[in-house]
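Student: This is the structure I have questions about; it appears just below.
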Amino acid sequence: MSRCVIVSAGELRDYARARAFLHEGDFFVFCDGGLAHADGLGIKPDLVVGDFDSCDASVLAKWQDSCEIVQLPREKDDTDTLFAVKLALEKGFNDFLLLGAMGGRFDHALGNVSILLYLQGLGKKALLVDDYSVMQIAGSEPLLIEDSYSYFSVLTVAGDVSGVNIKNAKYPLENASLSSDFQLGISNEVLPGKVAQVSVEHGRVLVVTVF
């Protein structure tokens with residue numbers, strides 16, 4: 001099945017870089033104010049979801065007759081982005097790309113990182129791409145990082161972890177424990193000509209690879 005790309009209302013300025021992550025056949029879901037990114041990305045929404053408290057009425061009107069629109073109540077448990085993810089899961093998607101999910105309000109940004117944990121816990125593939133980096137969750141399955149990235153960080157965002165292994169990096173770790181109150185794994189580097197590997201035996205970490 002094709003991949004689901006979910007575009008939220010956070011910061012997204014480097015549209016050219018974001019477009020490099022898009023695939024032919026992607027299914028595009030825009031969340032509320034994220035619809036403002038459609039022209040910059042050069043893509044047509046397949047679905048628009050939101051309570052529309054942050055979407056300009058003229059922008060919404062532009063797509064009113066060309067795609068499905070799901071109107072949500074303003075008072076709800078799920079953010080517009082999380083609702084969009086759950087709706088895509090119901091449609092059978094197993095592969096996700098989140099754009100426009102960082103910057104602006106920190107609470108929403110942190111909530112969107114939690115969506116990566118949510119999807120990884122369901123056995124789904126998920127990336128979050130912003131103007132500076134690619135974010136994904138690593139667990140027991142080794143996560144590979146090419147040496148084309150400037151830096152990468154391994155962050156404990158879901159509690160303390162153990163059995164952490166980082167290979168082919170400037171600062172390797174073997175069977176290490178990391179705590180949530182001291183982010184030891186910030187700004188590591190892949191060794192030139194190598195592919196770094198990150199894995200965790202007990203717990204999960206957020207891996208941020210910086211362009």
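Simple scheme: letters A, B, ... for chains in structure tokens order, numbers from 1 for residues in each chain, numbers from 1 for ligands in the order shown.
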List every residue of range 84-120 of chain A that DSSP, applied to the backbone of this structure, assigns to strand (DSSP E or B), and report them as a list in words.

Tutor: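 Put together, the selection reads Asp95, Phe96, Leu97, Leu98 and Leu99 of chain A.
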
Student: Please dump the current selection as a PDB file, in the first residue's frame; keep N, CA and C atoms.

Tutor:
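Resulting contents of part_11.pdb:
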ATOM      1  N   ASP A  95       2.876   2.990   6.636  1.00  0.00           N
ATOM      2  CA  ASP A  95       4.087   3.781   6.434  1.00  0.00           C
ATOM      3  C   ASP A  95       3.690   5.252   6.461  1.00  0.00           C
ATOM      4  N   PHE A  96       4.389   6.060   7.299  1.00  0.00           N
ATOM      5  CA  PHE A  96       3.984   7.445   7.526  1.00  0.00           C
ATOM      6  C   PHE A  96       5.164   8.402   7.416  1.00  0.00           C
ATOM      7  N   LEU A  97       4.894   9.590   6.877  1.00  0.00           N
ATOM      8  CA  LEU A  97       5.824  10.704   6.886  1.00  0.00           C
ATOM      9  C   LEU A  97       5.085  11.901   7.463  1.00  0.00           C
ATOM     10  N   LEU A  98       5.643  12.500   8.509  1.00  0.00           N
ATOM     11  CA  LEU A  98       5.049  13.679   9.128  1.00  0.00           C
ATOM     12  C   LEU A  98       5.851  14.908   8.728  1.00  0.00           C
ATOM     13  N   LEU A  99       5.175  15.917   8.204  1.00  0.00           N
ATOM     14  CA  LEU A  99       5.782  17.191   7.829  1.00  0.00           C
ATOM     15  C   LEU A  99       5.064  18.327   8.548  1.00  0.00           C
TER      16      LEU A  99
END

Student: For range 191-200 of chain A, work out the shell of residues within 12 Å, counting only C-alpha atoms and skipping chain neighbours fewer than 2 positions away, then give it as a count of residues only.

Tutor: 51

Student: For Leu22 in chain A, list every protein, DNA or RNA residue within 12 Å, evaluated using only C-alpha atoms, and leave out those in the same chain fewer than 5 positions away; present the list as a list in words.

Tutor: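 So the residues in contact are Ser2, Arg3, Cys4, Val5, Ile6, Val7, Tyr15, Ala16, Arg17, Phe27, Phe28, Leu41, Gly42, Ile43, Phe96, Leu97, Leu98, Leu99, Leu127 and Val129 of chain A.
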
Student: Using N, CA and C atoms, can you write the selected residues to a file as a JSON list (two decimals), in the first residue's frame?

Tutor:
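This is the output file part.json:
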[["chain", "number", "residue", "atom", "x", "y", "z"],
["A", 2, "SER", "N", 0.38, 2.35, -0.55],
["A", 2, "SER", "CA", 1.14, 3.58, -0.61],
["A", 2, "SER", "C", 1.36, 4.15, 0.79],
["A", 3, "ARG", "N", 2.23, 5.13, 0.88],
["A", 3, "ARG", "CA", 2.56, 5.76, 2.16],
["A", 3, "ARG", "C", 1.63, 6.95, 2.42],
["A", 4, "CYS", "N", 1.40, 7.23, 3.68],
["A", 4, "CYS", "CA", 0.57, 8.38, 4.06],
["A", 4, "CYS", "C", 1.48, 9.51, 4.54],
["A", 5, "VAL", "N", 1.35, 10.66, 3.91],
["A", 5, "VAL", "CA", 2.08, 11.87, 4.30],
["A", 5, "VAL", "C", 1.11, 12.79, 5.01],
["A", 6, "ILE", "N", 1.42, 13.14, 6.25],
["A", 6, "ILE", "CA", 0.55, 14.00, 7.04],
["A", 6, "ILE", "C", 1.25, 15.33, 7.26],
["A", 7, "VAL", "N", 0.60, 16.41, 6.83],
["A", 7, "VAL", "CA", 1.19, 17.75, 6.89],
["A", 7, "VAL", "C", 0.44, 18.58, 7.93],
["A", 15, "TYR", "N", 10.91, 23.94, 1.53],
["A", 15, "TYR", "CA", 10.01, 23.07, 0.79],
["A", 15, "TYR", "C", 10.77, 22.15, -0.16],
["A", 16, "ALA", "N", 11.87, 22.63, -0.72],
["A", 16, "ALA", "CA", 12.64, 21.80, -1.64],
["A", 16, "ALA", "C", 13.16, 20.56, -0.93],
["A", 17, "ARG", "N", 13.67, 20.72, 0.28],
["A", 17, "ARG", "CA", 14.16, 19.56, 1.03],
["A", 17, "ARG", "C", 13.02, 18.61, 1.37],
["A", 27, "PHE", "N", -0.16, 9.31, -0.32],
["A", 27, "PHE", "CA", -1.50, 9.80, 0.00],
["A", 27, "PHE", "C", -1.31, 10.97, 0.96],
["A", 28, "PHE", "N", -1.85, 12.15, 0.61],
["A", 28, "PHE", "CA", -1.58, 13.38, 1.35],
["A", 28, "PHE", "C", -2.76, 13.80, 2.22],
["A", 41, "LEU", "N", 4.68, 22.94, -1.14],
["A", 41, "LEU", "CA", 5.10, 21.57, -1.40],
["A", 41, "LEU", "C", 4.76, 21.14, -2.83],
["A", 42, "GLY", "N", 3.84, 21.88, -3.45],
["A", 42, "GLY", "CA", 3.45, 21.55, -4.81],
["A", 42, "GLY", "C", 2.64, 20.27, -4.90],
["A", 43, "ILE", "N", 1.80, 20.02, -3.91],
["A", 43, "ILE", "CA", 1.00, 18.79, -3.90],
["A", 43, "ILE", "C", -0.47, 19.11, -3.65],
["A", 96, "PHE", "N", 4.39, 6.06, 7.30],
["A", 96, "PHE", "CA", 3.98, 7.44, 7.53],
["A", 96, "PHE", "C", 5.16, 8.40, 7.42],
["A", 97, "LEU", "N", 4.89, 9.59, 6.88],
["A", 97, "LEU", "CA", 5.82, 10.70, 6.89],
["A", 97, "LEU", "C", 5.09, 11.90, 7.46],
["A", 98, "LEU", "N", 5.64, 12.50, 8.51],
["A", 98, "LEU", "CA", 5.05, 13.68, 9.13],
["A", 98, "LEU", "C", 5.85, 14.91, 8.73],
["A", 99, "LEU", "N", 5.18, 15.92, 8.20],
["A", 99, "LEU", "CA", 5.78, 17.19, 7.83],
["A", 99, "LEU", "C", 5.06, 18.33, 8.55],
["A", 127, "LEU", "N", 8.48, 8.46, 9.88],
["A", 127, "LEU", "CA", 9.51, 9.48, 9.91],
["A", 127, "LEU", "C", 8.87, 10.83, 10.16],
["A", 129, "VAL", "N", 10.03, 14.72, 9.48],
["A", 129, "VAL", "CA", 11.05, 15.52, 8.82],
["A", 129, "VAL", "C", 10.72, 17.00, 9.02]]

Student: For each of A:Cys67, A:Ala36, A:Ala20, A:Leu128, take the minimum atom-to-atom distance to Ile115 in chain A, counting only C-alpha atoms, then give the residue where this is smallest.

Tutor: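 For Ile115 in chain A, the nearest of the given residues is A:Leu128.
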
Student: Could you write out, as a ChimeraX atom specification, all the residues of range 19-152 of chain A that DSSP marks as helix (DSSP H, G or I)?

Tutor: /A:19,32-41,57-63,80-90,106-121

Student: Find, counting only C-alpha atoms, the residue in A:Ala84, A:Gln120, A:Asp65, A:Glu24 that gets nearest to Asp51 in chain A.

Tutor: A:Ala84

Student: Which value, in Å to one decimal, gives the distance between CA of Ile69 in chain A and CA of Leu87 in chain A?

Tutor: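 CA of Leu87 in chain A lies 12.3 Å from CA of Ile69 in chain A.
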
Student: With only C-alpha atoms as the basis for distance, which of A:Thr81, A:Gly111, A:Gly100, A:Asp53 is at the shortest distance from His37 in chain A?

Tutor: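 For His37 in chain A, the nearest of the given residues is A:Gly100.
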
Student: Fewer than 3 positions away in the same chain doesn't count, so skip those; otherwise give me all residues within 8 Å of Asn94 in chain A, counting only C-alpha atoms, as a ChimeraX atom specification.

Tutor: /A:1,3,89,124-125

Student: Please provide as a list in words all residues within 8 Å of Asp131 in chain A, with the sequence filter that same-chain residues fewer than 2 positions apart are discarded (counting only C-alpha atoms).

Tutor: Leu12, Arg13, Asp14, Arg17, Ala18, Val129 and Ser133 of chain A

Student: Just write the chosen residues, all heavy atoms, as an mmCIF file, in the first residue's frame.

Tutor:
data_model
loop_
_atom_site.group_PDB
_atom_site.id
_atom_site.type_symbol
_atom_site.label_atom_id
_atom_site.label_comp_id
_atom_site.auth_asym_id
_atom_site.auth_seq_id
_atom_site.Cartn_x
_atom_site.Cartn_y
_atom_site.Cartn_z
ATOM 1 N N LEU A 12 7.565 24.981 8.326
ATOM 2 C CA LEU A 12 8.100 24.245 7.186
ATOM 3 C C LEU A 12 8.504 25.290 6.158
ATOM 4 O O LEU A 12 7.666 25.840 5.454
ATOM 5 C CB LEU A 12 7.055 23.283 6.617
ATOM 6 C CG LEU A 12 7.537 22.299 5.551
ATOM 7 C CD1 LEU A 12 8.659 21.419 6.074
ATOM 8 C CD2 LEU A 12 6.386 21.442 5.052
ATOM 9 N N ARG A 13 9.814 25.579 6.087
ATOM 10 C CA ARG A 13 10.301 26.637 5.211
ATOM 11 C C ARG A 13 11.075 26.090 4.025
ATOM 12 O O ARG A 13 11.034 26.676 2.942
ATOM 13 C CB ARG A 13 11.189 27.596 6.015
ATOM 14 C CG ARG A 13 10.421 28.330 7.112
ATOM 15 C CD ARG A 13 11.349 29.063 8.042
ATOM 16 N NE ARG A 13 10.603 29.766 9.093
ATOM 17 C CZ ARG A 13 11.130 30.151 10.247
ATOM 18 N NH1 ARG A 13 12.409 29.906 10.495
ATOM 19 N NH2 ARG A 13 10.400 30.776 11.135
ATOM 20 N N ASP A 14 11.796 25.006 4.239
ATOM 21 C CA ASP A 14 12.613 24.441 3.173
ATOM 22 C C ASP A 14 11.778 23.426 2.387
ATOM 23 O O ASP A 14 11.910 22.215 2.552
ATOM 24 C CB ASP A 14 13.862 23.775 3.756
ATOM 25 C CG ASP A 14 14.914 23.470 2.701
ATOM 26 O OD1 ASP A 14 14.548 23.422 1.508
ATOM 27 O OD2 ASP A 14 16.088 23.274 3.064
ATOM 28 N N ARG A 17 13.669 20.717 0.281
ATOM 29 C CA ARG A 17 14.162 19.563 1.030
ATOM 30 C C ARG A 17 13.019 18.615 1.372
ATOM 31 O O ARG A 17 13.145 17.393 1.268
ATOM 32 C CB ARG A 17 14.873 20.008 2.309
ATOM 33 C CG ARG A 17 15.607 18.858 3.001
ATOM 34 C CD ARG A 17 16.138 19.265 4.357
ATOM 35 N NE ARG A 17 17.158 20.285 4.309
ATOM 36 C CZ ARG A 17 18.445 20.051 4.081
ATOM 37 N NH1 ARG A 17 18.855 18.809 3.843
ATOM 38 N NH2 ARG A 17 19.319 21.043 4.099
ATOM 39 N N ALA A 18 11.887 19.173 1.787
ATOM 40 C CA ALA A 18 10.738 18.335 2.119
ATOM 41 C C ALA A 18 10.260 17.548 0.912
ATOM 42 O O ALA A 18 9.928 16.360 1.012
ATOM 43 C CB ALA A 18 9.608 19.192 2.688
ATOM 44 N N VAL A 129 10.031 14.715 9.479
ATOM 45 C CA VAL A 129 11.052 15.523 8.820
ATOM 46 C C VAL A 129 10.724 16.999 9.017
ATOM 47 O O VAL A 129 9.597 17.436 8.746
ATOM 48 C CB VAL A 129 11.133 15.190 7.315
ATOM 49 C CG1 VAL A 129 12.102 16.134 6.613
ATOM 50 C CG2 VAL A 129 11.560 13.736 7.108
ATOM 51 N N SER A 133 16.234 18.230 10.239
ATOM 52 C CA SER A 133 16.552 16.861 10.618
ATOM 53 C C SER A 133 15.466 15.870 10.223
ATOM 54 O O SER A 133 14.372 16.251 9.805
ATOM 55 C CB SER A 133 16.767 16.793 12.136
ATOM 56 O OG SER A 133 15.572 17.199 12.810
#

Student: Which residue, A:Pro45, A:Gly33, A:Gly25, A:Gly159, has the smallest gap to Leu117 in chain A when you use only C-alpha atoms?

Tutor: A:Gly159

Student: Need the shell around Trp63 in chain A: protein/DNA/RNA residues with any atom at most 12 Å away, counting only C-alpha atoms. Skip same-chain ones fewer than 6 positions apart. Format as a PyMOL selection string?

Tutor: chain A and resi 30+35-36+38-39+43-48+55-57+69

Student: Write a file of the selected residues as a tab-separated table (two decimals), in the first residue's frame, keeping C-alpha atoms.

Tutor:
chain	number	residue	atom	x	y	z
A	30	PHE	CA	-3.39	18.00	5.55
A	35	LEU	CA	-3.11	23.32	4.36
A	36	ALA	CA	-1.11	26.52	3.91
A	38	ALA	CA	0.16	22.69	0.03
A	39	ASP	CA	1.29	25.21	-2.58
A	43	ILE	CA	1.00	18.79	-3.90
A	44	LYS	CA	-2.75	18.35	-3.94
A	45	PRO	CA	-4.49	17.20	-0.75
A	46	ASP	CA	-6.30	13.88	-0.83
A	47	LEU	CA	-7.86	14.54	2.57
A	48	VAL	CA	-8.11	17.56	4.87
A	55	CYS	CA	-6.75	27.51	8.74
A	56	ASP	CA	-7.46	30.62	6.71
A	57	ALA	CA	-10.97	30.37	5.24
A	69	ILE	CA	-12.75	17.24	4.15

Student: How far is it from CA of Arg74 in chain A to CA of Ala126 in chain A, in Å with one decimal?

Tutor: 26.5 Å
